[in-house]
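Participant: Got a structure for you, questions after.
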Amino acid sequence: MTTLKTALVLAFGIAAAGTASAVDLVIATVNNGHMIEMQKLSKQFEAANPDIKLKWVTLEEGVLRQRVTTDIATKGGQFDVMTIGMYETPIWGKKGWLSEIKPDANYDVDDLLPAMRSGLSVDGKLYAAPFYGESSMLMYRADLMQKAGITLPARPTWTQVKEAAAKIHDAKSGVYGICLRGKPGWGDNMAFLSTMVNTYGGQWFDASWKPQINSAPWKAAVTDYADLLKKYGPPGSSANSFNEILALFNEGKCGMWIDATIAASFISDPKQSKVADKVAFAQAPTQVTPKGANWLWAWALAVPATSKHQAEAQKFINWATSKDYIKLVGKEQGWAAVPTGTRKSTYATPEFMKAAKFAEAEKAAIDSANPTDSTLPKSPYVGVQFAAIPEFQSIGVAVGQQMSAVLAGKTTVDQALAAGQNAADREMRKSGYYK
């Protein structure tokens with residue numbers, strides 16, 4: 001009897017010790033549908049890893065950026081896993097603020113789409129693993145094109161887009177030829193406009209880091225952009241961002257829209273869109289060069305170098321960004337709900353390709369984006385619709401305000417470009433890029 005009691009005491013003691021030694025893994029993430037689904041499914045990760053307990057800090061995008069940036073810059077160490085993007089990853093990886101992602105043998109890192117892997121790497125080393133990714137593409141009303149006798153190619157030029165916008169524009173009937181972002185911000189109107197400048201042969205900075213905002217390609221791109229929206233865009237375009245245009249498109253008020261590939265799943269969903277059965281997809285328009293015409297973004301999971309639970313953080317990221325996780329979502333929620341834009345194998349899955357009629361165009365857009373070679377003249381920065389340097393946020397905001405003012409009729413294209421150039425030059429000099 002004594003021996004049995006001793007054995008039970010030892011057993012309970014070992015179990016208690018096991019529970020007490022469970023690691024609390026703190027994960028900072030963004031409050032969107034894909035991440036909320038990950039939190040629900042993570043109970044399966046915890047069941048398979050009883051020594052790890054997940055603690056979630058779920059925040060709105062702007063607050064998330066602020067919190068994780070402050071924490072990593074001050075070496076606060078609040079988080080073990082951070083949800084960050086393609087803007088932060090190269091900057092923080094280069095500074096040594098992130099740990100290299102080292103997946104296990106089953107992860108199949110070569111299955112990651114090359115554009116995603118490249119955009120989240122520094123010197124060939126992966127510093128964040130993509131949870132879902134996106135590019136940009138042209139989404140349009142096939143019925144309106146057919147009625148106007150227009151056949152858009154798989155990758156049209158901006159000249160063809162302008163001609164199509166003129167023919168399908170019918171403001172009296174509440175149908176606008178084209179809808180594009182106009183709301184100011186480095187991730188709003190400038191995310192779109194940067195890609196337009198790229199394909200017109202422009203860049204943010206030359207090889208010496210001198211801003212190029214008052215250059216001929218910028219003037220040509222911004223002139224066409226403003227002309228398009230003033231003639232064939234909806235009223236109040238200077239205030240429109242993704243959500244405003246999505247609502248307009250779903251109501252049948254936009255003939256064409258160039259924006260994030262993630263929009264395709266919404267506008268082709270009959271529960272959300274009145275024109276779901278009328279939409280078609282093409283690549284983002286080109287002009288002088290195809291380089292940088294499609295933007296590139298990923299929400300990715302990274303491990304700050306300050307985390308005291310490196311191995312556990314790597315294990316969680318390995319699970320959440322794996323092929324098996326995507327299959328799990330497909331099984332639990334349906335293939336139309338899986339996080340897209342990260343892996344070749346997703347696009348080789350018949351169930352996904354059947355559920356997502358935009359899948360081929362989405363993958364082609366992502367594959368065409370190269371964040372290390374996105375401009376016709378050689379550029380010193382990584383990024384397609386941004387330059388991955390700390391100064392870019394304030395420069396992008398300043399230039400975005402000027403571009404929005406052009407649409408609102410408050411300034412001319414020449415005045416806006418001159419003001420943007422001065423703001424960028426001042427910031428780059430202040431930061432010591434040149435004297």
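By convention in this document, the chains of the structure tokens carry letters A, B, ... by their order, each chain's residues are numbered from 1, and ligands are numbered from 1 in the order they are shown.
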At most 9 Å is the cut-off: for each residue in segment 317-412 of chain A with any atom that close to an atom of segment 129-143 of chain A, write down the nearest atom pair and the distance in Å rounded to one decimal, counting only C-alpha atoms, chain first then increasing number, as CSV.
Facilitator:
```
residue,atom,partner,partner_atom,distance
A:Ile317,CA,A:Ala129,CA,7.2
A:Asn318,CA,A:Ala129,CA,8.2
A:Ala320,CA,A:Phe131,CA,7.2
A:Thr321,CA,A:Phe131,CA,5.3
A:Ser322,CA,A:Phe131,CA,8.7
A:Val338,CA,A:Tyr132,CA,8.9
A:Pro339,CA,A:Tyr132,CA,5.1
A:Thr340,CA,A:Tyr132,CA,5.3
A:Gly341,CA,A:Gly133,CA,4.2
A:Thr342,CA,A:Gly133,CA,5.6
A:Arg343,CA,A:Pro130,CA,8.9
A:Ala361,CA,A:Met137,CA,7.7
A:Glu362,CA,A:Ser135,CA,7.1
A:Lys363,CA,A:Ser135,CA,8.4
A:Ala365,CA,A:Ser135,CA,5.8
A:Ile366,CA,A:Ser135,CA,5.2
A:Asp367,CA,A:Ser135,CA,8.9
A:Ala369,CA,A:Ser135,CA,7.6
```
Participant: Filtering to C-alpha atoms, could you give me those residues as an mmCIF file, in the first residue's frame?
Facilitator:
```cif
data_model
loop_
_atom_site.group_PDB
_atom_site.id
_atom_site.type_symbol
_atom_site.label_atom_id
_atom_site.label_comp_id
_atom_site.auth_asym_id
_atom_site.auth_seq_id
_atom_site.Cartn_x
_atom_site.Cartn_y
_atom_site.Cartn_z
ATOM 1 C CA ILE A 317 5.385 29.170 -37.035
ATOM 2 C CA ASN A 318 6.337 25.870 -38.634
ATOM 3 C CA ALA A 320 0.829 27.774 -38.843
ATOM 4 C CA THR A 321 2.507 28.370 -42.217
ATOM 5 C CA SER A 322 2.746 24.734 -43.330
ATOM 6 C CA VAL A 338 -7.816 28.928 -47.165
ATOM 7 C CA PRO A 339 -5.030 31.529 -46.791
ATOM 8 C CA THR A 340 -3.724 32.028 -50.323
ATOM 9 C CA GLY A 341 -0.656 33.454 -51.995
ATOM 10 C CA THR A 342 2.066 31.562 -50.122
ATOM 11 C CA ARG A 343 2.655 28.069 -51.543
ATOM 12 C CA ALA A 361 -4.685 35.244 -62.225
ATOM 13 C CA GLU A 362 -3.731 35.675 -58.555
ATOM 14 C CA LYS A 363 -0.787 33.289 -58.813
ATOM 15 C CA ALA A 365 0.365 38.269 -60.418
ATOM 16 C CA ILE A 366 2.340 37.074 -57.398
ATOM 17 C CA ASP A 367 4.838 35.188 -59.560
ATOM 18 C CA ALA A 369 6.424 40.441 -58.661
#
```
Participant: Compile the contact shell of segment 39-48 of chain A as a list of chain:residue names: residues with an atom at most 10 Å away, counting only C-alpha atoms, same-chain residues fewer than 4 positions apart removed.
Facilitator: A:Thr29, A:His34, A:Met35, A:Ile52, A:Lys53, A:Leu54, A:Lys55, A:Trp56, A:Thr58, A:Lys315, A:Phe316, A:Trp319, A:Ala320, A:Tyr325, A:Leu328, A:Val329, A:Glu332
Participant: Do you know which residues are at most 12 Å from Val109 of chain A counting only C-alpha atoms, after dropping those on the same chain fewer than 2 positions away, and could you put them as a PyMOL selection string?
Facilitator: chain A and resi 101-107+111-114+116-118+125-126+128-130+318+321-323+342-345
Participant: Could you name the residues that touch segment 173-182 of chain A at 10 Å or less, counting only C-alpha atoms, but leaving out those on the same chain fewer than 3 positions away, as a PDB file with N, CA, C and O atoms, in the first residue's frame?
Facilitator:
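part-v2.pdb written:
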```
ATOM      1  N   TYR A 140     -12.440  43.357 -63.583  1.00  0.00           N
ATOM      2  CA  TYR A 140     -13.316  44.146 -64.446  1.00  0.00           C
ATOM      3  C   TYR A 140     -14.637  43.447 -64.730  1.00  0.00           C
ATOM      4  O   TYR A 140     -14.782  42.237 -64.531  1.00  0.00           O
ATOM      5  N   ARG A 141     -15.590  44.225 -65.230  1.00  0.00           N
ATOM      6  CA  ARG A 141     -16.909  43.734 -65.599  1.00  0.00           C
ATOM      7  C   ARG A 141     -16.855  43.211 -67.025  1.00  0.00           C
ATOM      8  O   ARG A 141     -16.834  43.981 -67.996  1.00  0.00           O
ATOM      9  N   LEU A 144     -19.753  44.513 -69.332  1.00  0.00           N
ATOM     10  CA  LEU A 144     -19.622  45.865 -69.872  1.00  0.00           C
ATOM     11  C   LEU A 144     -18.621  45.901 -71.026  1.00  0.00           C
ATOM     12  O   LEU A 144     -18.828  46.628 -72.010  1.00  0.00           O
ATOM     13  N   VAL A 161      -6.290  50.417 -71.069  1.00  0.00           N
ATOM     14  CA  VAL A 161      -7.194  50.614 -69.927  1.00  0.00           C
ATOM     15  C   VAL A 161      -7.913  51.952 -70.047  1.00  0.00           C
ATOM     16  O   VAL A 161      -9.126  52.057 -69.810  1.00  0.00           O
ATOM     17  N   LYS A 162      -7.157  52.978 -70.433  1.00  0.00           N
ATOM     18  CA  LYS A 162      -7.763  54.308 -70.585  1.00  0.00           C
ATOM     19  C   LYS A 162      -8.829  54.299 -71.684  1.00  0.00           C
ATOM     20  O   LYS A 162      -9.918  54.868 -71.525  1.00  0.00           O
ATOM     21  N   GLU A 163      -8.538  53.636 -72.793  1.00  0.00           N
ATOM     22  CA  GLU A 163      -9.513  53.533 -73.895  1.00  0.00           C
ATOM     23  C   GLU A 163     -10.767  52.778 -73.457  1.00  0.00           C
ATOM     24  O   GLU A 163     -11.890  53.167 -73.781  1.00  0.00           O
ATOM     25  N   ALA A 164     -10.570  51.698 -72.699  1.00  0.00           N
ATOM     26  CA  ALA A 164     -11.703  50.904 -72.207  1.00  0.00           C
ATOM     27  C   ALA A 164     -12.543  51.708 -71.218  1.00  0.00           C
ATOM     28  O   ALA A 164     -13.791  51.674 -71.262  1.00  0.00           O
ATOM     29  N   ALA A 165     -11.871  52.444 -70.324  1.00  0.00           N
ATOM     30  CA  ALA A 165     -12.586  53.253 -69.325  1.00  0.00           C
ATOM     31  C   ALA A 165     -13.493  54.271 -70.017  1.00  0.00           C
ATOM     32  O   ALA A 165     -14.639  54.490 -69.592  1.00  0.00           O
ATOM     33  N   ALA A 166     -12.986  54.883 -71.079  1.00  0.00           N
ATOM     34  CA  ALA A 166     -13.767  55.892 -71.813  1.00  0.00           C
ATOM     35  C   ALA A 166     -15.021  55.279 -72.431  1.00  0.00           C
ATOM     36  O   ALA A 166     -16.100  55.892 -72.436  1.00  0.00           O
ATOM     37  N   LYS A 167     -14.902  54.053 -72.938  1.00  0.00           N
ATOM     38  CA  LYS A 167     -16.025  53.404 -73.635  1.00  0.00           C
ATOM     39  C   LYS A 167     -17.102  52.860 -72.685  1.00  0.00           C
ATOM     40  O   LYS A 167     -18.286  52.854 -73.029  1.00  0.00           O
ATOM     41  N   ILE A 168     -16.692  52.387 -71.516  1.00  0.00           N
ATOM     42  CA  ILE A 168     -17.682  51.780 -70.605  1.00  0.00           C
ATOM     43  C   ILE A 168     -18.226  52.756 -69.571  1.00  0.00           C
ATOM     44  O   ILE A 168     -19.176  52.445 -68.850  1.00  0.00           O
ATOM     45  N   HIS A 169     -17.623  53.950 -69.496  1.00  0.00           N
ATOM     46  CA  HIS A 169     -18.061  54.954 -68.513  1.00  0.00           C
ATOM     47  C   HIS A 169     -19.465  55.441 -68.851  1.00  0.00           C
ATOM     48  O   HIS A 169     -19.755  55.849 -69.972  1.00  0.00           O
ATOM     49  N   ASP A 170     -20.346  55.395 -67.866  1.00  0.00           N
ATOM     50  CA  ASP A 170     -21.730  55.827 -68.049  1.00  0.00           C
ATOM     51  C   ASP A 170     -22.227  56.401 -66.726  1.00  0.00           C
ATOM     52  O   ASP A 170     -23.012  55.776 -66.004  1.00  0.00           O
ATOM     53  N   GLY A 185      -1.842  57.931 -48.173  1.00  0.00           N
ATOM     54  CA  GLY A 185      -1.142  57.038 -47.245  1.00  0.00           C
ATOM     55  C   GLY A 185      -0.121  56.195 -47.981  1.00  0.00           C
ATOM     56  O   GLY A 185      -0.323  55.871 -49.158  1.00  0.00           O
ATOM     57  N   ASP A 188      -1.876  53.237 -48.869  1.00  0.00           N
ATOM     58  CA  ASP A 188      -3.165  53.471 -49.528  1.00  0.00           C
ATOM     59  C   ASP A 188      -2.939  53.891 -50.977  1.00  0.00           C
ATOM     60  O   ASP A 188      -2.592  53.064 -51.805  1.00  0.00           O
ATOM     61  N   ASN A 189      -3.107  55.191 -51.276  1.00  0.00           N
ATOM     62  CA  ASN A 189      -2.956  55.576 -52.687  1.00  0.00           C
ATOM     63  C   ASN A 189      -1.545  55.320 -53.222  1.00  0.00           C
ATOM     64  O   ASN A 189      -1.373  54.984 -54.393  1.00  0.00           O
ATOM     65  N   MET A 190      -0.535  55.392 -52.351  1.00  0.00           N
ATOM     66  CA  MET A 190       0.830  55.221 -52.843  1.00  0.00           C
ATOM     67  C   MET A 190       1.192  53.759 -53.094  1.00  0.00           C
ATOM     68  O   MET A 190       2.096  53.475 -53.879  1.00  0.00           O
ATOM     69  N   ALA A 191       0.484  52.825 -52.460  1.00  0.00           N
ATOM     70  CA  ALA A 191       0.703  51.405 -52.778  1.00  0.00           C
ATOM     71  C   ALA A 191       0.341  51.163 -54.235  1.00  0.00           C
ATOM     72  O   ALA A 191       1.095  50.548 -54.996  1.00  0.00           O
ATOM     73  N   PHE A 192      -0.820  51.704 -54.630  1.00  0.00           N
ATOM     74  CA  PHE A 192      -1.224  51.570 -56.024  1.00  0.00           C
ATOM     75  C   PHE A 192      -0.356  52.410 -56.951  1.00  0.00           C
ATOM     76  O   PHE A 192       0.166  51.942 -57.963  1.00  0.00           O
ATOM     77  N   LEU A 193      -0.193  53.692 -56.607  1.00  0.00           N
ATOM     78  CA  LEU A 193       0.487  54.624 -57.515  1.00  0.00           C
ATOM     79  C   LEU A 193       1.959  54.272 -57.718  1.00  0.00           C
ATOM     80  O   LEU A 193       2.518  54.492 -58.801  1.00  0.00           O
ATOM     81  N   TYR A 225      -2.991  59.015 -64.198  1.00  0.00           N
ATOM     82  CA  TYR A 225      -3.785  58.597 -63.032  1.00  0.00           C
ATOM     83  C   TYR A 225      -4.860  59.636 -62.716  1.00  0.00           C
ATOM     84  O   TYR A 225      -6.051  59.312 -62.576  1.00  0.00           O
ATOM     85  N   ALA A 226      -4.436  60.896 -62.630  1.00  0.00           N
ATOM     86  CA  ALA A 226      -5.384  61.970 -62.310  1.00  0.00           C
ATOM     87  C   ALA A 226      -6.413  62.146 -63.429  1.00  0.00           C
ATOM     88  O   ALA A 226      -7.609  62.341 -63.168  1.00  0.00           O
ATOM     89  N   LEU A 228      -7.483  59.872 -65.576  1.00  0.00           N
ATOM     90  CA  LEU A 228      -8.411  58.735 -65.536  1.00  0.00           C
ATOM     91  C   LEU A 228      -9.513  58.950 -64.520  1.00  0.00           C
ATOM     92  O   LEU A 228     -10.701  58.779 -64.814  1.00  0.00           O
ATOM     93  N   LEU A 229      -9.135  59.307 -63.300  1.00  0.00           N
ATOM     94  CA  LEU A 229     -10.123  59.418 -62.229  1.00  0.00           C
ATOM     95  C   LEU A 229     -10.999  60.653 -62.369  1.00  0.00           C
ATOM     96  O   LEU A 229     -12.185  60.628 -62.022  1.00  0.00           O
ATOM     97  N   LYS A 231     -11.920  62.019 -65.242  1.00  0.00           N
ATOM     98  CA  LYS A 231     -12.833  61.830 -66.369  1.00  0.00           C
ATOM     99  C   LYS A 231     -13.770  60.637 -66.196  1.00  0.00           C
ATOM    100  O   LYS A 231     -14.944  60.700 -66.554  1.00  0.00           O
ATOM    101  N   TYR A 232     -13.224  59.533 -65.654  1.00  0.00           N
ATOM    102  CA  TYR A 232     -13.978  58.264 -65.666  1.00  0.00           C
ATOM    103  C   TYR A 232     -14.125  57.608 -64.291  1.00  0.00           C
ATOM    104  O   TYR A 232     -14.604  56.484 -64.198  1.00  0.00           O
ATOM    105  N   GLY A 233     -13.715  58.312 -63.238  1.00  0.00           N
ATOM    106  CA  GLY A 233     -13.805  57.751 -61.889  1.00  0.00           C
ATOM    107  C   GLY A 233     -15.029  58.240 -61.149  1.00  0.00           C
ATOM    108  O   GLY A 233     -15.716  59.170 -61.589  1.00  0.00           O
ATOM    109  N   PRO A 234     -15.341  57.636 -60.006  1.00  0.00           N
ATOM    110  CA  PRO A 234     -16.492  58.072 -59.205  1.00  0.00           C
ATOM    111  C   PRO A 234     -16.199  59.397 -58.506  1.00  0.00           C
ATOM    112  O   PRO A 234     -15.028  59.742 -58.289  1.00  0.00           O
ATOM    113  N   PRO A 235     -17.223  60.159 -58.152  1.00  0.00           N
ATOM    114  CA  PRO A 235     -16.999  61.393 -57.394  1.00  0.00           C
ATOM    115  C   PRO A 235     -16.312  61.079 -56.063  1.00  0.00           C
ATOM    116  O   PRO A 235     -16.528  60.020 -55.476  1.00  0.00           O
ATOM    117  N   GLY A 236     -15.490  62.002 -55.604  1.00  0.00           N
ATOM    118  CA  GLY A 236     -14.838  61.830 -54.303  1.00  0.00           C
ATOM    119  C   GLY A 236     -13.743  60.789 -54.279  1.00  0.00           C
ATOM    120  O   GLY A 236     -13.461  60.200 -53.232  1.00  0.00           O
ATOM    121  N   SER A 237     -13.085  60.551 -55.428  1.00  0.00           N
ATOM    122  CA  SER A 237     -12.034  59.523 -55.490  1.00  0.00           C
ATOM    123  C   SER A 237     -10.875  59.806 -54.543  1.00  0.00           C
ATOM    124  O   SER A 237     -10.187  58.876 -54.105  1.00  0.00           O
ATOM    125  N   SER A 238     -10.653  61.068 -54.196  1.00  0.00           N
ATOM    126  CA  SER A 238      -9.531  61.413 -53.310  1.00  0.00           C
ATOM    127  C   SER A 238      -9.690  60.834 -51.909  1.00  0.00           C
ATOM    128  O   SER A 238      -8.737  60.803 -51.134  1.00  0.00           O
ATOM    129  N   ALA A 239     -10.892  60.360 -51.570  1.00  0.00           N
ATOM    130  CA  ALA A 239     -11.136  59.775 -50.237  1.00  0.00           C
ATOM    131  C   ALA A 239     -11.304  58.262 -50.287  1.00  0.00           C
ATOM    132  O   ALA A 239     -11.501  57.629 -49.255  1.00  0.00           O
ATOM    133  N   ASN A 240     -11.223  57.687 -51.480  1.00  0.00           N
ATOM    134  CA  ASN A 240     -11.507  56.247 -51.614  1.00  0.00           C
ATOM    135  C   ASN A 240     -10.284  55.372 -51.380  1.00  0.00           C
ATOM    136  O   ASN A 240      -9.224  55.592 -51.958  1.00  0.00           O
ATOM    137  N   SER A 241     -10.464  54.355 -50.522  1.00  0.00           N
ATOM    138  CA  SER A 241      -9.446  53.322 -50.333  1.00  0.00           C
ATOM    139  C   SER A 241     -10.089  51.977 -50.665  1.00  0.00           C
ATOM    140  O   SER A 241     -11.146  51.921 -51.290  1.00  0.00           O
ATOM    141  N   PHE A 242      -9.464  50.897 -50.235  1.00  0.00           N
ATOM    142  CA  PHE A 242      -9.911  49.547 -50.582  1.00  0.00           C
ATOM    143  C   PHE A 242     -11.378  49.309 -50.251  1.00  0.00           C
ATOM    144  O   PHE A 242     -12.163  48.876 -51.094  1.00  0.00           O
ATOM    145  N   ASN A 243     -11.768  49.581 -49.020  1.00  0.00           N
ATOM    146  CA  ASN A 243     -13.124  49.245 -48.582  1.00  0.00           C
ATOM    147  C   ASN A 243     -14.200  50.045 -49.315  1.00  0.00           C
ATOM    148  O   ASN A 243     -15.266  49.523 -49.642  1.00  0.00           O
ATOM    149  N   GLU A 244     -13.917  51.334 -49.573  1.00  0.00           N
ATOM    150  CA  GLU A 244     -14.885  52.175 -50.278  1.00  0.00           C
ATOM    151  C   GLU A 244     -15.095  51.677 -51.714  1.00  0.00           C
ATOM    152  O   GLU A 244     -16.224  51.603 -52.214  1.00  0.00           O
ATOM    153  N   ILE A 245     -13.970  51.316 -52.374  1.00  0.00           N
ATOM    154  CA  ILE A 245     -14.078  50.850 -53.760  1.00  0.00           C
ATOM    155  C   ILE A 245     -14.717  49.457 -53.814  1.00  0.00           C
ATOM    156  O   ILE A 245     -15.500  49.157 -54.722  1.00  0.00           O
ATOM    157  N   LEU A 246     -14.402  48.619 -52.850  1.00  0.00           N
ATOM    158  CA  LEU A 246     -15.024  47.289 -52.792  1.00  0.00           C
ATOM    159  C   LEU A 246     -16.541  47.417 -52.742  1.00  0.00           C
ATOM    160  O   LEU A 246     -17.272  46.713 -53.446  1.00  0.00           O
ATOM    161  N   LEU A 248     -18.359  49.955 -53.791  1.00  0.00           N
ATOM    162  CA  LEU A 248     -18.809  50.471 -55.091  1.00  0.00           C
ATOM    163  C   LEU A 248     -18.854  49.354 -56.135  1.00  0.00           C
ATOM    164  O   LEU A 248     -19.829  49.229 -56.890  1.00  0.00           O
ATOM    165  N   PHE A 249     -17.783  48.543 -56.167  1.00  0.00           N
ATOM    166  CA  PHE A 249     -17.719  47.462 -57.154  1.00  0.00           C
ATOM    167  C   PHE A 249     -18.841  46.452 -56.922  1.00  0.00           C
ATOM    168  O   PHE A 249     -19.519  46.028 -57.864  1.00  0.00           O
ATOM    169  N   GLU A 251     -21.632  46.900 -55.716  1.00  0.00           N
ATOM    170  CA  GLU A 251     -22.924  47.492 -56.083  1.00  0.00           C
ATOM    171  C   GLU A 251     -23.077  47.649 -57.598  1.00  0.00           C
ATOM    172  O   GLU A 251     -24.101  48.130 -58.083  1.00  0.00           O
ATOM    173  N   GLY A 252     -22.024  47.277 -58.342  1.00  0.00           N
ATOM    174  CA  GLY A 252     -22.084  47.358 -59.799  1.00  0.00           C
ATOM    175  C   GLY A 252     -21.722  48.716 -60.364  1.00  0.00           C
ATOM    176  O   GLY A 252     -22.056  49.037 -61.507  1.00  0.00           O
ATOM    177  N   LYS A 253     -20.997  49.530 -59.566  1.00  0.00           N
ATOM    178  CA  LYS A 253     -20.706  50.897 -59.995  1.00  0.00           C
ATOM    179  C   LYS A 253     -19.307  51.093 -60.598  1.00  0.00           C
ATOM    180  O   LYS A 253     -18.983  52.187 -61.043  1.00  0.00           O
ATOM    181  N   CYS A 254     -18.475  50.052 -60.598  1.00  0.00           N
ATOM    182  CA  CYS A 254     -17.123  50.169 -61.154  1.00  0.00           C
ATOM    183  C   CYS A 254     -16.947  49.244 -62.351  1.00  0.00           C
ATOM    184  O   CYS A 254     -17.199  48.041 -62.242  1.00  0.00           O
ATOM    185  N   GLY A 255     -16.498  49.805 -63.469  1.00  0.00           N
ATOM    186  CA  GLY A 255     -16.222  48.981 -64.641  1.00  0.00           C
ATOM    187  C   GLY A 255     -14.917  48.230 -64.516  1.00  0.00           C
ATOM    188  O   GLY A 255     -14.794  47.066 -64.916  1.00  0.00           O
ATOM    189  N   MET A 256     -13.909  48.904 -63.929  1.00  0.00           N
ATOM    190  CA  MET A 256     -12.588  48.305 -63.710  1.00  0.00           C
ATOM    191  C   MET A 256     -12.045  48.748 -62.357  1.00  0.00           C
ATOM    192  O   MET A 256     -12.403  49.812 -61.855  1.00  0.00           O
ATOM    193  N   TRP A 257     -11.161  47.920 -61.816  1.00  0.00           N
ATOM    194  CA  TRP A 257     -10.533  48.221 -60.527  1.00  0.00           C
ATOM    195  C   TRP A 257      -9.194  47.504 -60.473  1.00  0.00           C
ATOM    196  O   TRP A 257      -9.129  46.298 -60.696  1.00  0.00           O
ATOM    197  N   ILE A 258      -8.124  48.240 -60.201  1.00  0.00           N
ATOM    198  CA  ILE A 258      -6.805  47.622 -59.991  1.00  0.00           C
ATOM    199  C   ILE A 258      -6.489  47.733 -58.511  1.00  0.00           C
ATOM    200  O   ILE A 258      -6.385  48.841 -57.970  1.00  0.00           O
ATOM    201  N   ASP A 259      -6.364  46.582 -57.846  1.00  0.00           N
ATOM    202  CA  ASP A 259      -6.127  46.589 -56.402  1.00  0.00           C
ATOM    203  C   ASP A 259      -5.666  45.203 -55.963  1.00  0.00           C
ATOM    204  O   ASP A 259      -5.325  44.356 -56.787  1.00  0.00           O
ATOM    205  N   GLY A 400       1.748  60.941 -50.688  1.00  0.00           N
ATOM    206  CA  GLY A 400       0.360  60.513 -50.827  1.00  0.00           C
ATOM    207  C   GLY A 400      -0.627  61.654 -50.625  1.00  0.00           C
ATOM    208  O   GLY A 400      -1.646  61.740 -51.320  1.00  0.00           O
ATOM    209  N   GLN A 401      -0.319  62.549 -49.691  1.00  0.00           N
ATOM    210  CA  GLN A 401      -1.185  63.710 -49.453  1.00  0.00           C
ATOM    211  C   GLN A 401      -1.203  64.632 -50.662  1.00  0.00           C
ATOM    212  O   GLN A 401      -2.246  65.180 -51.033  1.00  0.00           O
ATOM    213  N   MET A 403      -0.671  63.703 -53.813  1.00  0.00           N
ATOM    214  CA  MET A 403      -1.392  63.044 -54.906  1.00  0.00           C
ATOM    215  C   MET A 403      -2.901  63.127 -54.706  1.00  0.00           C
ATOM    216  O   MET A 403      -3.660  63.316 -55.655  1.00  0.00           O
ATOM    217  N   SER A 404      -3.339  63.009 -53.473  1.00  0.00           N
ATOM    218  CA  SER A 404      -4.755  63.120 -53.158  1.00  0.00           C
ATOM    219  C   SER A 404      -5.253  64.538 -53.425  1.00  0.00           C
ATOM    220  O   SER A 404      -6.371  64.739 -53.909  1.00  0.00           O
ATOM    221  N   ALA A 405      -4.405  65.510 -53.140  1.00  0.00           N
ATOM    222  CA  ALA A 405      -4.757  66.916 -53.382  1.00  0.00           C
ATOM    223  C   ALA A 405      -4.924  67.194 -54.875  1.00  0.00           C
ATOM    224  O   ALA A 405      -5.756  68.018 -55.272  1.00  0.00           O
ATOM    225  N   VAL A 406      -4.160  66.494 -55.719  1.00  0.00           N
ATOM    226  CA  VAL A 406      -4.318  66.631 -57.171  1.00  0.00           C
ATOM    227  C   VAL A 406      -5.719  66.188 -57.585  1.00  0.00           C
ATOM    228  O   VAL A 406      -6.410  66.866 -58.346  1.00  0.00           O
ATOM    229  N   LEU A 407      -6.151  65.029 -57.076  1.00  0.00           N
ATOM    230  CA  LEU A 407      -7.478  64.508 -57.418  1.00  0.00           C
ATOM    231  C   LEU A 407      -8.584  65.443 -56.933  1.00  0.00           C
ATOM    232  O   LEU A 407      -9.620  65.583 -57.583  1.00  0.00           O
ATOM    233  N   ALA A 408      -8.349  66.079 -55.791  1.00  0.00           N
ATOM    234  CA  ALA A 408      -9.360  66.979 -55.210  1.00  0.00           C
ATOM    235  C   ALA A 408      -9.344  68.349 -55.877  1.00  0.00           C
ATOM    236  O   ALA A 408     -10.167  69.214 -55.537  1.00  0.00           O
TER     237      ALA A 408
END
```
Participant: If we count only C-alpha atoms, what is near segment 207-214 of chain A at a cut-off of 8 Å, once residues fewer than 3 positions away on the same chain are taken out, given as a PyMOL selection string?
Facilitator: chain A and resi 202-204+218-219+378-380+414+417-418+420-421+424-425+428+433-434
Participant: Would you please extract all strand (DSSP E or B) residues from segment 45-245 of chain A, as assigned by DSSP on the backbone, and give them as a ChimeraX atom specification?
Facilitator: /A:52-59,81-84,98,112,121-122,125-126,129-141,157,170,175-176,179,205,211
Participant: Using only C-alpha atoms, which residues of segment 290-363 of chain A come within 9 Å of segment 63-80 of chain A, and what is the closest atom pair for each, with the distance in Å to one decimal? Give it as JSON lines, sorted by chain and residue number.
Facilitator:
```
{"residue": "A:Ala302", "atom": "CA", "partner": "A:Asp80", "partner_atom": "CA", "distance": 8.4}
{"residue": "A:Val303", "atom": "CA", "partner": "A:Asp80", "partner_atom": "CA", "distance": 5.9}
{"residue": "A:Pro304", "atom": "CA", "partner": "A:Asp80", "partner_atom": "CA", "distance": 6.4}
{"residue": "A:Ala305", "atom": "CA", "partner": "A:Gly77", "partner_atom": "CA", "distance": 8.5}
{"residue": "A:Thr306", "atom": "CA", "partner": "A:Gly77", "partner_atom": "CA", "distance": 5.1}
{"residue": "A:Ser307", "atom": "CA", "partner": "A:Asp80", "partner_atom": "CA", "distance": 4.9}
{"residue": "A:Lys308", "atom": "CA", "partner": "A:Asp80", "partner_atom": "CA", "distance": 7.4}
{"residue": "A:His309", "atom": "CA", "partner": "A:Asp80", "partner_atom": "CA", "distance": 6.6}
{"residue": "A:Gln310", "atom": "CA", "partner": "A:Asp80", "partner_atom": "CA", "distance": 7.4}
{"residue": "A:Glu312", "atom": "CA", "partner": "A:Asp80", "partner_atom": "CA", "distance": 8.7}
{"residue": "A:Ala313", "atom": "CA", "partner": "A:Asp80", "partner_atom": "CA", "distance": 6.1}
```
Participant: Of the residues A:Ala276, A:Ile389, A:Leu120, A:Ala264, which is the one nearest to Glu427 of chain A, using only C-alpha atoms?
Facilitator: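 That would be A:Ile389, the residue with the smallest distance to Glu427 of chain A.
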Participant: How far is it from atom CA of Lys95 of chain A to atom CA of Leu376 of chain A, in Å with one decimal?
Facilitator: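 Interatomic distance, atom CA of Lys95 of chain A to atom CA of Leu376 of chain A: 27.8 Å.
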